[in-house]
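Data file: entry36.txt. Format and content: compact mmCIF, N, CA and C atoms.
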# COMPACT_ATOMS: atom_id res chain seq x y z
N MET A 175 72.25 15.14 -66.23
CA MET A 175 73.11 14.18 -66.90
C MET A 175 73.98 13.49 -65.84
N SER A 176 74.13 12.21 -65.96
CA SER A 176 74.95 11.51 -64.98
C SER A 176 76.33 11.19 -65.58
N ILE A 177 77.28 11.05 -64.69
CA ILE A 177 78.67 10.78 -65.10
C ILE A 177 78.81 9.28 -65.31
N SER A 178 79.33 8.88 -66.45
CA SER A 178 79.45 7.46 -66.79
C SER A 178 80.45 6.75 -65.87
N LEU A 179 80.27 5.45 -65.75
CA LEU A 179 81.20 4.64 -64.95
C LEU A 179 82.61 4.71 -65.52
N THR A 180 82.72 4.76 -66.84
CA THR A 180 84.04 4.86 -67.49
C THR A 180 84.74 6.14 -67.10
N LEU A 181 84.00 7.26 -67.10
CA LEU A 181 84.59 8.55 -66.74
C LEU A 181 84.95 8.57 -65.26
N LYS A 182 84.11 7.99 -64.41
CA LYS A 182 84.43 7.92 -62.98
C LYS A 182 85.73 7.13 -62.75
N LEU A 183 85.91 6.05 -63.49
CA LEU A 183 87.13 5.26 -63.37
C LEU A 183 88.34 6.06 -63.84
N GLN A 184 88.20 6.81 -64.93
CA GLN A 184 89.29 7.67 -65.43
C GLN A 184 89.71 8.66 -64.36
N ILE A 185 88.74 9.26 -63.69
CA ILE A 185 89.02 10.26 -62.66
C ILE A 185 89.75 9.61 -61.49
N ARG A 186 89.27 8.43 -61.05
CA ARG A 186 89.91 7.73 -59.93
C ARG A 186 91.35 7.35 -60.27
N GLN A 187 91.57 6.87 -61.49
CA GLN A 187 92.92 6.49 -61.91
C GLN A 187 93.83 7.71 -62.01
N ARG A 188 93.33 8.80 -62.57
CA ARG A 188 94.12 10.04 -62.67
C ARG A 188 94.53 10.51 -61.29
N ALA A 189 93.62 10.39 -60.32
CA ALA A 189 93.86 10.86 -58.95
C ALA A 189 94.66 9.84 -58.13
N GLU A 190 94.94 8.69 -58.72
CA GLU A 190 95.63 7.61 -58.02
C GLU A 190 94.88 7.23 -56.75
N TYR A 191 93.54 7.30 -56.81
CA TYR A 191 92.65 6.92 -55.72
C TYR A 191 92.89 7.74 -54.45
N LEU A 192 93.33 8.98 -54.65
CA LEU A 192 93.52 9.93 -53.55
C LEU A 192 92.57 11.11 -53.74
N CYS A 193 92.09 11.68 -52.65
CA CYS A 193 91.30 12.90 -52.74
C CYS A 193 92.18 13.95 -53.40
N GLU A 194 91.66 14.59 -54.43
CA GLU A 194 92.48 15.55 -55.16
C GLU A 194 92.61 16.88 -54.42
N TYR A 195 91.96 17.01 -53.27
CA TYR A 195 92.11 18.21 -52.44
C TYR A 195 93.08 17.95 -51.28
N CYS A 196 92.76 16.96 -50.44
CA CYS A 196 93.57 16.73 -49.23
C CYS A 196 94.53 15.55 -49.35
N HIS A 197 94.44 14.81 -50.45
CA HIS A 197 95.31 13.66 -50.76
C HIS A 197 95.12 12.47 -49.82
N SER A 198 93.98 12.41 -49.11
CA SER A 198 93.73 11.22 -48.30
C SER A 198 93.41 10.05 -49.24
N SER A 199 93.65 8.85 -48.77
CA SER A 199 93.49 7.65 -49.57
C SER A 199 92.06 7.12 -49.53
N GLU A 200 91.53 6.84 -50.71
CA GLU A 200 90.19 6.24 -50.77
C GLU A 200 90.21 4.86 -50.13
N GLU A 201 91.31 4.14 -50.29
CA GLU A 201 91.43 2.79 -49.72
C GLU A 201 91.32 2.82 -48.20
N ALA A 202 91.83 3.85 -47.56
CA ALA A 202 91.79 3.96 -46.10
C ALA A 202 90.48 4.55 -45.59
N SER A 203 89.64 4.99 -46.48
CA SER A 203 88.38 5.63 -46.09
C SER A 203 87.31 4.59 -45.81
N THR A 204 86.34 4.95 -45.00
CA THR A 204 85.22 4.06 -44.71
C THR A 204 84.16 4.12 -45.81
N SER A 205 84.26 5.09 -46.70
CA SER A 205 83.30 5.19 -47.80
C SER A 205 84.01 5.57 -49.09
N GLN A 206 83.38 5.21 -50.20
CA GLN A 206 83.95 5.52 -51.51
C GLN A 206 83.90 7.03 -51.72
N PHE A 207 84.94 7.58 -52.34
CA PHE A 207 84.99 9.01 -52.62
C PHE A 207 83.99 9.37 -53.71
N THR A 208 83.68 10.64 -53.78
CA THR A 208 82.71 11.13 -54.76
C THR A 208 83.41 11.92 -55.86
N ILE A 209 82.67 12.15 -56.92
CA ILE A 209 83.17 12.97 -58.01
C ILE A 209 82.65 14.38 -57.78
N ASP A 210 83.55 15.34 -57.71
CA ASP A 210 83.23 16.74 -57.43
C ASP A 210 83.37 17.55 -58.71
N HIS A 211 82.49 18.49 -58.90
CA HIS A 211 82.58 19.44 -60.02
C HIS A 211 83.37 20.66 -59.55
N LEU A 212 84.48 20.97 -60.21
CA LEU A 212 85.26 22.16 -59.85
C LEU A 212 84.42 23.41 -60.04
N GLN A 213 83.79 23.52 -61.18
CA GLN A 213 82.79 24.55 -61.43
C GLN A 213 81.45 23.83 -61.28
N PRO A 214 80.73 24.05 -60.19
CA PRO A 214 79.51 23.29 -59.93
C PRO A 214 78.50 23.38 -61.07
N ARG A 215 77.75 22.31 -61.24
CA ARG A 215 76.68 22.32 -62.26
C ARG A 215 75.70 23.44 -61.99
N SER A 216 75.45 23.73 -60.71
CA SER A 216 74.51 24.80 -60.35
C SER A 216 74.99 26.17 -60.82
N LEU A 217 76.29 26.26 -61.14
CA LEU A 217 76.85 27.52 -61.64
C LEU A 217 77.31 27.38 -63.09
N GLY A 218 76.77 26.39 -63.79
CA GLY A 218 77.06 26.22 -65.21
C GLY A 218 78.19 25.26 -65.54
N GLY A 219 78.72 24.55 -64.56
CA GLY A 219 79.82 23.61 -64.80
C GLY A 219 79.37 22.39 -65.58
N SER A 220 80.32 21.79 -66.28
CA SER A 220 80.02 20.64 -67.14
C SER A 220 80.46 19.33 -66.48
N ASP A 221 80.11 18.24 -67.15
CA ASP A 221 80.54 16.91 -66.72
C ASP A 221 81.77 16.46 -67.50
N GLU A 222 82.54 17.40 -68.03
CA GLU A 222 83.76 17.09 -68.76
C GLU A 222 84.87 16.72 -67.78
N LEU A 223 85.77 15.85 -68.21
CA LEU A 223 86.86 15.36 -67.36
C LEU A 223 87.62 16.48 -66.66
N GLU A 224 87.95 17.55 -67.37
CA GLU A 224 88.76 18.62 -66.78
C GLU A 224 87.99 19.43 -65.73
N ASN A 225 86.68 19.21 -65.60
CA ASN A 225 85.90 19.90 -64.58
C ASN A 225 85.56 18.99 -63.39
N LEU A 226 86.12 17.79 -63.38
CA LEU A 226 85.77 16.82 -62.34
C LEU A 226 86.99 16.42 -61.52
N ALA A 227 86.77 16.22 -60.23
CA ALA A 227 87.86 15.83 -59.33
C ALA A 227 87.35 14.76 -58.37
N LEU A 228 88.22 13.87 -57.95
CA LEU A 228 87.90 12.89 -56.93
C LEU A 228 88.01 13.57 -55.57
N ALA A 229 86.97 13.45 -54.76
CA ALA A 229 86.97 14.16 -53.47
C ALA A 229 86.46 13.25 -52.36
N CYS A 230 87.13 13.32 -51.22
CA CYS A 230 86.63 12.61 -50.05
C CYS A 230 85.35 13.32 -49.59
N HIS A 231 84.59 12.62 -48.77
CA HIS A 231 83.32 13.17 -48.30
C HIS A 231 83.51 14.52 -47.61
N ARG A 232 84.51 14.60 -46.75
CA ARG A 232 84.74 15.84 -45.98
C ARG A 232 85.05 17.03 -46.89
N CYS A 233 85.95 16.83 -47.85
CA CYS A 233 86.31 17.93 -48.75
C CYS A 233 85.14 18.33 -49.64
N ASN A 234 84.40 17.34 -50.13
CA ASN A 234 83.27 17.63 -51.01
C ASN A 234 82.19 18.42 -50.26
N ILE A 235 81.87 18.02 -49.04
CA ILE A 235 80.85 18.72 -48.26
C ILE A 235 81.32 20.12 -47.88
N ARG A 236 82.57 20.23 -47.48
CA ARG A 236 83.10 21.52 -47.04
C ARG A 236 83.14 22.54 -48.18
N ARG A 237 83.47 22.07 -49.36
CA ARG A 237 83.59 22.95 -50.53
C ARG A 237 82.22 23.40 -51.02
N TYR A 238 81.21 22.54 -50.89
CA TYR A 238 79.84 22.80 -51.32
C TYR A 238 79.85 23.28 -52.77
N ASN A 239 79.34 24.47 -53.07
CA ASN A 239 79.39 24.96 -54.44
C ASN A 239 80.20 26.25 -54.55
N PHE A 240 81.11 26.44 -53.60
CA PHE A 240 81.94 27.64 -53.60
C PHE A 240 83.07 27.52 -54.63
N THR A 241 83.35 28.59 -55.33
CA THR A 241 84.44 28.60 -56.31
C THR A 241 85.49 29.64 -55.96
N THR A 242 85.18 30.51 -55.01
CA THR A 242 86.13 31.53 -54.57
C THR A 242 86.13 31.61 -53.05
N GLY A 243 87.17 32.25 -52.52
CA GLY A 243 87.27 32.48 -51.09
C GLY A 243 87.99 33.80 -50.86
N ILE A 244 88.09 34.19 -49.62
CA ILE A 244 88.77 35.45 -49.28
C ILE A 244 90.16 35.12 -48.74
N ASP A 245 91.18 35.69 -49.36
CA ASP A 245 92.55 35.51 -48.91
C ASP A 245 92.69 36.24 -47.58
N PRO A 246 93.05 35.53 -46.50
CA PRO A 246 93.11 36.16 -45.19
C PRO A 246 94.21 37.22 -45.06
N GLN A 247 95.23 37.16 -45.92
CA GLN A 247 96.31 38.15 -45.83
C GLN A 247 95.99 39.43 -46.59
N THR A 248 95.28 39.30 -47.71
CA THR A 248 95.03 40.48 -48.55
C THR A 248 93.56 40.90 -48.58
N ASN A 249 92.68 40.04 -48.07
CA ASN A 249 91.23 40.24 -48.14
C ASN A 249 90.71 40.27 -49.58
N ALA A 250 91.52 39.83 -50.52
CA ALA A 250 91.09 39.76 -51.92
C ALA A 250 90.28 38.48 -52.14
N ILE A 251 89.33 38.55 -53.06
CA ILE A 251 88.58 37.36 -53.45
C ILE A 251 89.42 36.61 -54.48
N VAL A 252 89.70 35.34 -54.17
CA VAL A 252 90.57 34.53 -55.03
C VAL A 252 89.90 33.20 -55.35
N PRO A 253 90.27 32.57 -56.49
CA PRO A 253 89.71 31.26 -56.80
C PRO A 253 90.20 30.22 -55.79
N LEU A 254 89.32 29.25 -55.50
CA LEU A 254 89.73 28.16 -54.63
C LEU A 254 90.72 27.27 -55.37
N PHE A 255 91.46 26.50 -54.63
CA PHE A 255 92.46 25.59 -55.17
C PHE A 255 91.85 24.68 -56.22
N ASN A 256 92.49 24.57 -57.35
CA ASN A 256 92.08 23.66 -58.42
C ASN A 256 93.07 22.52 -58.46
N PRO A 257 92.65 21.32 -58.05
CA PRO A 257 93.59 20.21 -57.94
C PRO A 257 94.03 19.60 -59.24
N ILE A 258 93.31 19.82 -60.32
CA ILE A 258 93.62 19.17 -61.59
C ILE A 258 94.99 19.66 -62.08
N GLY A 259 95.83 18.69 -62.41
CA GLY A 259 97.16 19.02 -62.93
C GLY A 259 98.23 19.10 -61.85
N VAL A 260 97.85 19.06 -60.59
CA VAL A 260 98.83 19.09 -59.51
C VAL A 260 99.33 17.68 -59.29
N THR A 261 100.63 17.53 -59.23
CA THR A 261 101.19 16.20 -59.00
C THR A 261 101.24 15.92 -57.51
N HIS A 262 101.09 14.66 -57.15
CA HIS A 262 101.05 14.25 -55.74
C HIS A 262 102.45 14.14 -55.18

If you took the structure in this file and wrote it as structure tokens, what would it be?
Amino acid sequence: MSISLTLKLQIRQRAEYLCEYCHSSEEASTSQFTIDHLQPRSLGGSDELENLALACHRCNIRRYNFTTGIDPQTNAIVPLFNPIGVTH
């Protein structure tokens, strides 16, 4: 299933055209940002608005399909940062 142009525009407007991970500006980028799935489709994630984030190329590639990481202080497995709902 592909994400509609209307939904992509909603995501860009919600993010104020900033990467929702690193807050870099899409306007200052050499390429248009992508829509990232917080819970990847490969792991059962949906194309619903609350599961989608605007991401610069670097953040999207680096995150790949990972949803957890290891906390370096506690060695506990923790969820990765979820940018939705965080104010800039």

Fill in: Residues flagged strand (DSSP E or B) by DSSP in chain A, as a ChimeraX atom specification
/A:192,199,208-211,226-229,242-244,251-253

Worksheet item: Leaving out Thr242 (chain A) and any residue of its chain fewer than 4 positions from it, which residues lie within 10 Å of it when counting only C-alpha atoms, given as a list in words?
Response: Arg237, Ala250, Ile251, Val252, Pro253, Leu254 and Phe255 of chain A

Fill in: Straight-line distance linking CA of Leu217 (chain A) with CA of Asn239 (chain A), stated in Å to one decimal
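Computing the Euclidean distance for CA of Leu217 (chain A) and CA of Asn239 (chain A) yields 8.1 Å.
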
Worksheet, complete the sentence: Using only C-alpha atoms, the best pick from A:Arg186, A:Leu192, A:Leu179, A:His231 as closest to Ser205 (chain A) would be A:His231

Worksheet item: Distance CA of Leu183 (chain A)-CA of His197 (chain A), one decimal place?
Response: 17.2 Å

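Taking atom N of Cys193 (chain A) and CA of Asp210 (chain A) as endpoints, the distance between them is 11.3 Å.
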
Worksheet item: For Pro214 (chain A), which residue among A:Ser198, A:Thr241, A:Cys233, A:Ala227 is the nearest when counting only C-alpha atoms?
Response: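 Using only C-alpha atoms, Pro214 (chain A) sits closest to A:Thr241.
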
Discussion item. Which residue is closest to Leu228 (chain A)? Choose from A:Gln184, A:Ser176, A:Thr208, A:Asn249 and count all atoms listed in the file.
Written reply: A:Thr208

Worksheet item: Which is closer to Gln206 (chain A) than all the others in A:Glu190, A:Glu224, A:Cys230, A:Thr248, using all atoms listed in the file?
Response: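 For Gln206 (chain A), the nearest of the candidates is A:Cys230.
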
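Shortest separation to Ile185 (chain A) among A:Gly219, A:Gln247, A:Ile209, A:Arg236 occurs at residue A:Ile209, atoms counted being all atoms listed in the file.
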
Alpha helix (DSSP H) call set, DSSP backbone run, chain A, as a PDB file with N, CA and C atoms, in the coordinates of the input:
ATOM      1  N   LEU A 179      80.270   5.450 -65.750  1.00  0.00           N
ATOM      2  CA  LEU A 179      81.200   4.640 -64.950  1.00  0.00           C
ATOM      3  C   LEU A 179      82.610   4.710 -65.520  1.00  0.00           C
ATOM      4  N   THR A 180      82.720   4.760 -66.840  1.00  0.00           N
ATOM      5  CA  THR A 180      84.040   4.860 -67.490  1.00  0.00           C
ATOM      6  C   THR A 180      84.740   6.140 -67.100  1.00  0.00           C
ATOM      7  N   LEU A 181      84.000   7.260 -67.100  1.00  0.00           N
ATOM      8  CA  LEU A 181      84.590   8.550 -66.740  1.00  0.00           C
ATOM      9  C   LEU A 181      84.950   8.570 -65.260  1.00  0.00           C
ATOM     10  N   LYS A 182      84.110   7.990 -64.410  1.00  0.00           N
ATOM     11  CA  LYS A 182      84.430   7.920 -62.980  1.00  0.00           C
ATOM     12  C   LYS A 182      85.730   7.130 -62.750  1.00  0.00           C
ATOM     13  N   LEU A 183      85.910   6.050 -63.490  1.00  0.00           N
ATOM     14  CA  LEU A 183      87.130   5.260 -63.370  1.00  0.00           C
ATOM     15  C   LEU A 183      88.340   6.060 -63.840  1.00  0.00           C
ATOM     16  N   GLN A 184      88.200   6.810 -64.930  1.00  0.00           N
ATOM     17  CA  GLN A 184      89.290   7.670 -65.430  1.00  0.00           C
ATOM     18  C   GLN A 184      89.710   8.660 -64.360  1.00  0.00           C
ATOM     19  N   ILE A 185      88.740   9.260 -63.690  1.00  0.00           N
ATOM     20  CA  ILE A 185      89.020  10.260 -62.660  1.00  0.00           C
ATOM     21  C   ILE A 185      89.750   9.610 -61.490  1.00  0.00           C
ATOM     22  N   ARG A 186      89.270   8.430 -61.050  1.00  0.00           N
ATOM     23  CA  ARG A 186      89.910   7.730 -59.930  1.00  0.00           C
ATOM     24  C   ARG A 186      91.350   7.350 -60.270  1.00  0.00           C
ATOM     25  N   GLN A 187      91.570   6.870 -61.490  1.00  0.00           N
ATOM     26  CA  GLN A 187      92.920   6.490 -61.910  1.00  0.00           C
ATOM     27  C   GLN A 187      93.830   7.710 -62.010  1.00  0.00           C
ATOM     28  N   ARG A 188      93.330   8.800 -62.570  1.00  0.00           N
ATOM     29  CA  ARG A 188      94.120  10.040 -62.670  1.00  0.00           C
ATOM     30  C   ARG A 188      94.530  10.510 -61.290  1.00  0.00           C
ATOM     31  N   HIS A 231      84.590  12.620 -48.770  1.00  0.00           N
ATOM     32  CA  HIS A 231      83.320  13.170 -48.300  1.00  0.00           C
ATOM     33  C   HIS A 231      83.510  14.520 -47.610  1.00  0.00           C
ATOM     34  N   ARG A 232      84.510  14.600 -46.750  1.00  0.00           N
ATOM     35  CA  ARG A 232      84.740  15.840 -45.980  1.00  0.00           C
ATOM     36  C   ARG A 232      85.050  17.030 -46.890  1.00  0.00           C
ATOM     37  N   CYS A 233      85.950  16.830 -47.850  1.00  0.00           N
ATOM     38  CA  CYS A 233      86.310  17.930 -48.750  1.00  0.00           C
ATOM     39  C   CYS A 233      85.140  18.330 -49.640  1.00  0.00           C
ATOM     40  N   ASN A 234      84.400  17.340 -50.130  1.00  0.00           N
ATOM     41  CA  ASN A 234      83.270  17.630 -51.010  1.00  0.00           C
ATOM     42  C   ASN A 234      82.190  18.420 -50.260  1.00  0.00           C
ATOM     43  N   ILE A 235      81.870  18.020 -49.040  1.00  0.00           N
ATOM     44  CA  ILE A 235      80.850  18.720 -48.260  1.00  0.00           C
ATOM     45  C   ILE A 235      81.320  20.120 -47.880  1.00  0.00           C
ATOM     46  N   ARG A 236      82.570  20.230 -47.480  1.00  0.00           N
ATOM     47  CA  ARG A 236      83.100  21.520 -47.040  1.00  0.00           C
ATOM     48  C   ARG A 236      83.140  22.540 -48.180  1.00  0.00           C
ATOM     49  N   ARG A 237      83.470  22.070 -49.360  1.00  0.00           N
ATOM     50  CA  ARG A 237      83.590  22.950 -50.530  1.00  0.00           C
ATOM     51  C   ARG A 237      82.220  23.400 -51.020  1.00  0.00           C
TER      52      ARG A 237
END

Listed atoms of region 178-183 of chain A boxed axis-aligned with 3 Å per side, centre + edges as AutoDock Vina command-line options:
--center_x 83.8 --center_y 6.8 --center_z -65.1 --size_x 15.0 --size_y 10.2 --size_z 10.7

Fill in: Pick from A:Ser220, A:Leu226, A:Tyr191, A:Leu212, whichever lies nearest to Phe240 (chain A) using all atoms listed in the file
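Residue with the minimum atom-to-atom distance to Phe240 (chain A): A:Leu212.
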